$ cat protein06.json   # JSON, C-alpha atoms and all ligand atoms
[["chain", "number", "residue", "atom", "x", "y", "z"],
["W", 24, "MET", "CA", 104.82, 21.12, 104.65],
["W", 25, "ARG", "CA", 102.98, 22.96, 101.90],
["W", 26, "CYS", "CA", 100.90, 21.60, 99.06],
["W", 27, "ASP", "CA", 100.27, 22.99, 95.60],
["W", 28, "CYS", "CA", 96.58, 21.98, 95.41],
["W", 29, "ASP", "CA", 95.63, 25.60, 94.85],
["W", 30, "GLU", "CA", 97.38, 25.69, 91.48],
["W", 31, "HIS", "CA", 95.52, 22.57, 90.36],
["W", 32, "TRP", "CA", 92.12, 23.57, 91.69],
["W", 33, "ILE", "CA", 90.48, 23.93, 88.30],
["W", 34, "PRO", "CA", 87.01, 22.47, 87.72],
["W", 35, "ILE", "CA", 86.71, 19.64, 85.20],
["W", 36, "THR", "CA", 83.27, 19.31, 83.67],
["W", 37, "ASN", "CA", 83.76, 17.44, 80.41],
["W", 38, "PHE", "CA", 86.07, 15.03, 78.58],
["W", 39, "ALA", "CA", 87.96, 17.79, 76.82],
["W", 40, "GLY", "CA", 88.84, 19.10, 80.28],
["W", 41, "VAL", "CA", 89.94, 15.61, 81.32],
["W", 42, "GLN", "CA", 92.27, 15.43, 78.35],
["W", 43, "VAL", "CA", 93.78, 18.83, 79.09],
["W", 44, "ARG", "CA", 94.37, 17.96, 82.76],
["W", 45, "SER", "CA", 95.54, 14.36, 82.30],
["W", 46, "GLY", "CA", 99.02, 13.76, 83.65],
["W", 47, "ILE", "CA", 99.07, 17.08, 85.52],
["W", 48, "LEU", "CA", 99.23, 15.92, 89.12],
["W", 49, "PRO", "CA", 99.44, 17.83, 92.41],
["W", 50, "LYS", "CA", 103.01, 17.51, 93.71],
["W", 51, "LYS", "CA", 102.07, 15.98, 97.05],
["W", 52, "HIS", "CA", 99.52, 13.56, 95.67],
["W", 53, "LEU", "CA", 101.44, 10.54, 96.96],
["W", 54, "ASN", "CA", 100.86, 11.85, 100.49],
["W", 55, "PHE", "CA", 97.13, 12.17, 99.96],
["W", 56, "GLU", "CA", 94.97, 10.03, 102.22],
["W", 57, "MET", "CA", 92.68, 7.46, 100.69],
["W", 58, "VAL", "CA", 89.12, 8.19, 101.73],
["W", 59, "ALA", "CA", 87.35, 5.72, 99.47],
["W", 60, "SER", "CA", 88.11, 3.65, 96.43],
["W", 61, "ASP", "CA", 86.10, 2.19, 93.62],
["W", 62, "SER", "CA", 88.28, -0.35, 91.88],
["W", 63, "ALA", "CA", 85.60, -1.31, 89.36],
["W", 64, "TYR", "CA", 85.86, 2.18, 87.89],
["W", 65, "LEU", "CA", 89.60, 2.64, 88.57],
["W", 66, "ARG", "CA", 88.98, 5.66, 90.76],
["W", 67, "ALA", "CA", 89.64, 6.77, 94.32],
["W", 68, "LEU", "CA", 88.60, 9.61, 96.58],
["W", 69, "LEU", "CA", 91.66, 11.22, 98.16],
["W", 70, "ARG", "CA", 92.17, 13.98, 100.70],
["W", 71, "CYS", "CA", 95.13, 16.30, 100.93],
["W", 72, "PRO", "CA", 96.34, 16.26, 104.55],
["W", 73, "VAL", "CA", 97.67, 19.81, 104.24],
["W", 74, "CYS", "CA", 94.69, 21.75, 102.89],
["W", 75, "SER", "CA", 91.97, 19.10, 103.40],
["W", 76, "ARG", "CA", 90.75, 19.36, 99.84],
["W", 77, "HIS", "CA", 89.24, 16.26, 98.26],
["W", 78, "TRP", "CA", 90.28, 14.90, 94.89],
["W", 79, "ILE", "CA", 89.05, 12.11, 92.68],
["W", 80, "ARG", "CA", 91.98, 10.26, 91.16],
["W", 81, "GLN", "CA", 90.88, 8.40, 88.07],
["W", 82, "TYR", "CA", 92.06, 6.60, 84.96],
["W", 83, "PRO", "CA", 89.84, 8.10, 82.25],
["W", 84, "MET", "CA", 90.58, 5.21, 79.85],
["W", 85, "PRO", "CA", 89.66, 2.08, 81.84],
["W", 86, "GLU", "CA", 90.27, -0.15, 78.83],
["W", 87, "LEU", "CA", 94.01, 0.49, 79.30],
["W", 88, "GLN", "CA", 93.75, -1.29, 82.69],
["W", 89, "GLY", "CA", 95.37, 1.48, 84.66],
["W", 90, "SER", "CA", 98.34, 1.98, 82.36],
["W", 91, "GLY", "CA", 96.89, 5.05, 80.67],
["W", 92, "PRO", "CA", 96.96, 8.67, 81.80],
["W", 93, "LEU", "CA", 95.83, 9.64, 85.26],
["W", 94, "VAL", "CA", 93.69, 12.63, 86.11],
["W", 95, "PHE", "CA", 93.01, 14.42, 89.41],
["W", 96, "ILE", "CA", 89.52, 15.90, 89.50],
["W", 97, "PRO", "CA", 88.90, 18.52, 92.19],
["W", 98, "VAL", "CA", 85.83, 17.88, 94.33],
["W", 99, "PHE", "CA", 83.91, 21.07, 95.01],
["W", 100, "ALA", "CA", 80.93, 19.36, 96.64],
["W", 101, "GLU", "CA", 80.37, 19.87, 100.37],
["W", 102, "ASP", "CA", 79.92, 16.14, 100.91],
["W", 103, "ALA", "CA", 82.87, 14.66, 99.04],
["W", 104, "ARG", "CA", 81.97, 11.07, 99.82],
["W", 105, "ALA", "CA", 78.40, 11.43, 98.53],
["W", 106, "HIS", "CA", 79.72, 13.20, 95.44],
["W", 107, "PHE", "CA", 82.20, 10.38, 94.83],
["W", 108, "ASP", "CA", 79.45, 7.79, 95.00],
["W", 109, "ALA", "CA", 77.06, 9.82, 92.87],
["W", 110, "THR", "CA", 79.55, 10.36, 90.03],
["W", 111, "ARG", "CA", 80.69, 6.79, 89.35],
["W", 112, "THR", "CA", 79.65, 6.90, 85.73],
["W", 113, "GLU", "CA", 80.30, 10.57, 85.07],
["W", 114, "MET", "CA", 83.55, 9.92, 83.22],
["W", 115, "GLN", "CA", 81.80, 7.45, 80.90],
["W", 116, "ALA", "CA", 79.07, 9.99, 80.19],
["W", 117, "TRP", "CA", 81.62, 12.74, 79.50],
["W", 118, "ARG", "CA", 83.50, 10.48, 77.17],
["W", 119, "GLU", "CA", 80.39, 9.34, 75.36],
["W", 120, "SER", "CA", 79.24, 12.88, 74.63],
["W", 121, "PHE", "CA", 82.78, 13.80, 73.54],
["W", 122, "GLU", "CA", 82.92, 10.86, 71.12],
["W", 123, "ASP", "CA", 79.36, 11.48, 69.93],
["W", 124, "LEU", "CA", 80.25, 15.01, 69.03],
["W", 125, "GLY", "CA", 83.29, 13.83, 67.06],
["W", 126, "PHE", "CA", 81.22, 11.29, 65.15],
["W", 127, "TYR", "CA", 78.33, 13.69, 64.62],
["W", 128, "ARG", "CA", 80.66, 16.29, 63.15],
["W", 129, "SER", "CA", 82.14, 13.71, 60.80],
["W", 130, "ILE", "CA", 78.74, 13.13, 59.12],
["W", 131, "SER", "CA", 78.55, 15.00, 55.84],
["W", 132, "PRO", "CA", 76.50, 18.19, 55.59],
["W", 133, "GLU", "CA", 72.77, 18.07, 54.89],
["W", 134, "THR", "CA", 72.93, 19.14, 51.27],
["W", 135, "GLY", "CA", 69.96, 17.11, 50.02],
["W", 136, "PRO", "CA", 68.32, 17.60, 47.68],
["W", 137, "GLY", "CA", 66.10, 14.81, 49.05],
["W", 138, "LYS", "CA", 64.50, 14.94, 52.47],
["W", 139, "CYS", "CA", 65.55, 12.78, 55.40],
["W", 140, "ARG", "CA", 63.95, 9.32, 55.21],
["W", 141, "ASP", "CA", 62.54, 9.66, 58.71],
["W", 142, "SER", "CA", 58.92, 10.59, 58.08],
["W", 143, "SER", "CA", 58.72, 12.90, 61.08],
["W", 144, "CYS", "CA", 61.74, 14.92, 59.95],
["W", 145, "ASP", "CA", 61.84, 17.72, 57.42],
["W", 146, "ARG", "CA", 65.59, 18.21, 57.27],
["W", 147, "LEU", "CA", 67.54, 17.47, 54.11],
["W", 148, "ARG", "CA", 69.61, 14.33, 53.62],
["W", 149, "SER", "CA", 73.23, 14.24, 54.56],
["W", 150, "LYS", "CA", 75.37, 13.97, 51.45],
["W", 151, "TYR", "CA", 76.18, 10.22, 51.76],
["W", 152, "SER", "CA", 73.09, 9.10, 53.61],
["W", 153, "VAL", "CA", 69.35, 8.77, 53.20],
["W", 154, "PHE", "CA", 69.00, 10.51, 56.56],
["W", 155, "CYS", "CA", 69.79, 13.89, 58.04],
["W", 156, "ARG", "CA", 72.80, 13.93, 60.37],
["W", 157, "ARG", "CA", 70.78, 13.34, 63.52],
["W", 158, "HIS", "CA", 68.83, 10.43, 62.07],
["W", 159, "HIS", "CA", 71.95, 9.01, 60.42],
["W", 160, "PHE", "CA", 73.56, 8.98, 63.85],
["W", 161, "ARG", "CA", 70.51, 7.37, 65.43],
["W", 162, "ASN", "CA", 70.31, 4.76, 62.68],
["W", 163, "LEU", "CA", 73.90, 3.66, 63.27],
["W", 164, "LYS", "CA", 74.15, 4.00, 67.05],
["W", 165, "GLY", "CA", 70.59, 3.18, 68.04],
["W", 166, "ARG", "CA", 70.25, 6.34, 70.14],
["W", 167, "ASP", "CA", 70.25, 10.08, 69.80],
["W", 168, "PRO", "CA", 73.59, 11.90, 69.77],
["W", 169, "GLN", "CA", 74.56, 13.63, 73.01],
["W", 170, "VAL", "CA", 75.27, 16.86, 71.19],
["W", 171, "PRO", "CA", 73.82, 20.33, 71.67],
["M", 201, "ZN", "ZN", 96.48, 20.47, 99.45],
["M", 202, "ZN", "ZN", 66.09, 13.48, 60.00]]

$ encode --input "protein06.json" --output "structure tokens" --more "lines below"
Ligand SMILES: [Zn+2]
Ligand SMILES: [Zn+2]
Amino acid sequence: MRCDCDEHWIPITNFAGVQVRSGILPKKHLNFEMVASDSAYLRALLRCPVCSRHWIRQYPMPELQGSGPLVFIPVFAEDARAHFDATRTEMQAWRESFEDLGFYRSISPETGPGKCRDSSCDRLRSKYSVFCRRHHFRNLKGRDPQVP
């Protein structure tokens, strides 16, 4: 019996990658062995019995209660189990920075002419705000945007 894990062995490091790979499943995934599961986060650590690679199977949109798209994330770490445990909240973090970037980009350009209301900031105001984009974001979300 052969597997096609090789064709799917593409690193996923952000939420854009998750979206691209969602629904693209290794053919033999139903034969994969369950190594560990984490039902609170709708994810499981699986192992292909043919090539012994480890995969994290996860629902990236937990609010859909497991009816949304499914993604298989290749595990490159030596210790798959430790990696699985250490990355519980990785999907959330990926998604948050993805959504932050979308929101940040939607804030109008800093055309001024006034300065940002934050006294420590010397950037111009965003067109429809009394703040620059970064401080407008912080004012609404209560934290800094996870954007470069
Ligand atoms: Zn395989
Ligand atoms: Zn500012």

$ closest_atom_pairs --input "protein06.json" --of "chain W" --to "ligand ZN 201 (chain M)" --cutoff "9 Å" --atoms "all atoms listed in the file" --output "tab-separated table"
residue	atom	partner	partner_atom	distance
W:Arg25	CA	M:ZN201	ZN	7.4
W:Cys26	CA	M:ZN201	ZN	4.6
W:Asp27	CA	M:ZN201	ZN	6.0
W:Cys28	CA	M:ZN201	ZN	4.3
W:Asp29	CA	M:ZN201	ZN	6.9
W:Pro49	CA	M:ZN201	ZN	8.1
W:Lys51	CA	M:ZN201	ZN	7.6
W:His52	CA	M:ZN201	ZN	8.4
W:Phe55	CA	M:ZN201	ZN	8.3
W:Arg70	CA	M:ZN201	ZN	7.9
W:Cys71	CA	M:ZN201	ZN	4.6
W:Pro72	CA	M:ZN201	ZN	6.6
W:Val73	CA	M:ZN201	ZN	5.0
W:Cys74	CA	M:ZN201	ZN	4.1
W:Ser75	CA	M:ZN201	ZN	6.1
W:Arg76	CA	M:ZN201	ZN	5.8
W:His77	CA	M:ZN201	ZN	8.5

$ residues_around --input "protein06.json" --residues "W:Ile96" --least-positions-apart "6" --cutoff "8 Å" --atoms "all atoms listed in the file" --output "PyMOL selection string"
chain W and resi 34-35+78-81

$ closest_residue --input "protein06.json" --among "W:Arg148, W:Arg118, W:Arg111, W:Arg66" --to "ligand ZN 202 (chain M)" --atoms "all atoms listed in the file"
W:Arg148

$ closest_residue --input "protein06.json" --among "W:Leu87, W:Leu147, W:Leu163, W:Ala100" --to "W:Glu133" --atoms "only C-alpha atoms"
W:Leu147

$ closest_residue --input "protein06.json" --among "W:Tyr151, W:Tyr64, W:Ile33, W:His158" --to "W:Glu113" --atoms "only C-alpha atoms"
W:Tyr64

$ residues_around --input "protein06.json" --residues "stretch 142-144 of chain W" --least-positions-apart "4" --cutoff "12 Å" --atoms "all atoms listed in the file" --output "JSON, numbers by chain"
{"W": [137, 138, 148, 153, 154, 155, 156, 157, 158, 159]}

$ write_last_selection --input "protein06.json" --atoms "C-alpha atoms" --output "JSON list (two decimals), keeping the file's coordinate frame"
[["chain", "number", "residue", "atom", "x", "y", "z"],
["W", 137, "GLY", "CA", 66.10, 14.81, 49.05],
["W", 138, "LYS", "CA", 64.50, 14.94, 52.47],
["W", 148, "ARG", "CA", 69.61, 14.33, 53.62],
["W", 153, "VAL", "CA", 69.35, 8.77, 53.20],
["W", 154, "PHE", "CA", 69.00, 10.51, 56.56],
["W", 155, "CYS", "CA", 69.79, 13.89, 58.04],
["W", 156, "ARG", "CA", 72.80, 13.93, 60.37],
["W", 157, "ARG", "CA", 70.78, 13.34, 63.52],
["W", 158, "HIS", "CA", 68.83, 10.43, 62.07],
["W", 159, "HIS", "CA", 71.95, 9.01, 60.42]]

$ atom_distance --input "protein06.json" --atom1 "atom CA of W:Thr36" --atom2 "atom CA of W:Trp117"
8.0 Å

$ closest_residue --input "protein06.json" --among "W:Tyr82, W:Asp145, W:Gly89, W:Lys150" --to "W:Ser131" --atoms "all atoms listed in the file"
W:Lys150

$ atom_distance --input "protein06.json" --atom1 "atom CA of W:Gly40" --atom2 "atom CA of W:Ser62"
22.7 Å

$ atom_distance --input "protein06.json" --atom1 "atom CA of W:Arg161" --atom2 "atom CA of W:Thr134"
18.6 Å

$ residues_around --input "protein06.json" --residues "W:Ile47" --least-positions-apart "3" --cutoff "9 Å" --atoms "all atoms listed in the file" --output "ChimeraX atom specification"
/W:31,43-44,93-95

$ write_last_selection --input "protein06.json" --atoms "C-alpha atoms" --output "mmCIF file, in the coordinates of the input"
data_model
loop_
_atom_site.group_PDB
_atom_site.id
_atom_site.type_symbol
_atom_site.label_atom_id
_atom_site.label_comp_id
_atom_site.auth_asym_id
_atom_site.auth_seq_id
_atom_site.Cartn_x
_atom_site.Cartn_y
_atom_site.Cartn_z
ATOM 1 C CA HIS W 31 95.520 22.570 90.360
ATOM 2 C CA VAL W 43 93.780 18.830 79.090
ATOM 3 C CA ARG W 44 94.370 17.960 82.760
ATOM 4 C CA LEU W 93 95.830 9.640 85.260
ATOM 5 C CA VAL W 94 93.690 12.630 86.110
ATOM 6 C CA PHE W 95 93.010 14.420 89.410
#
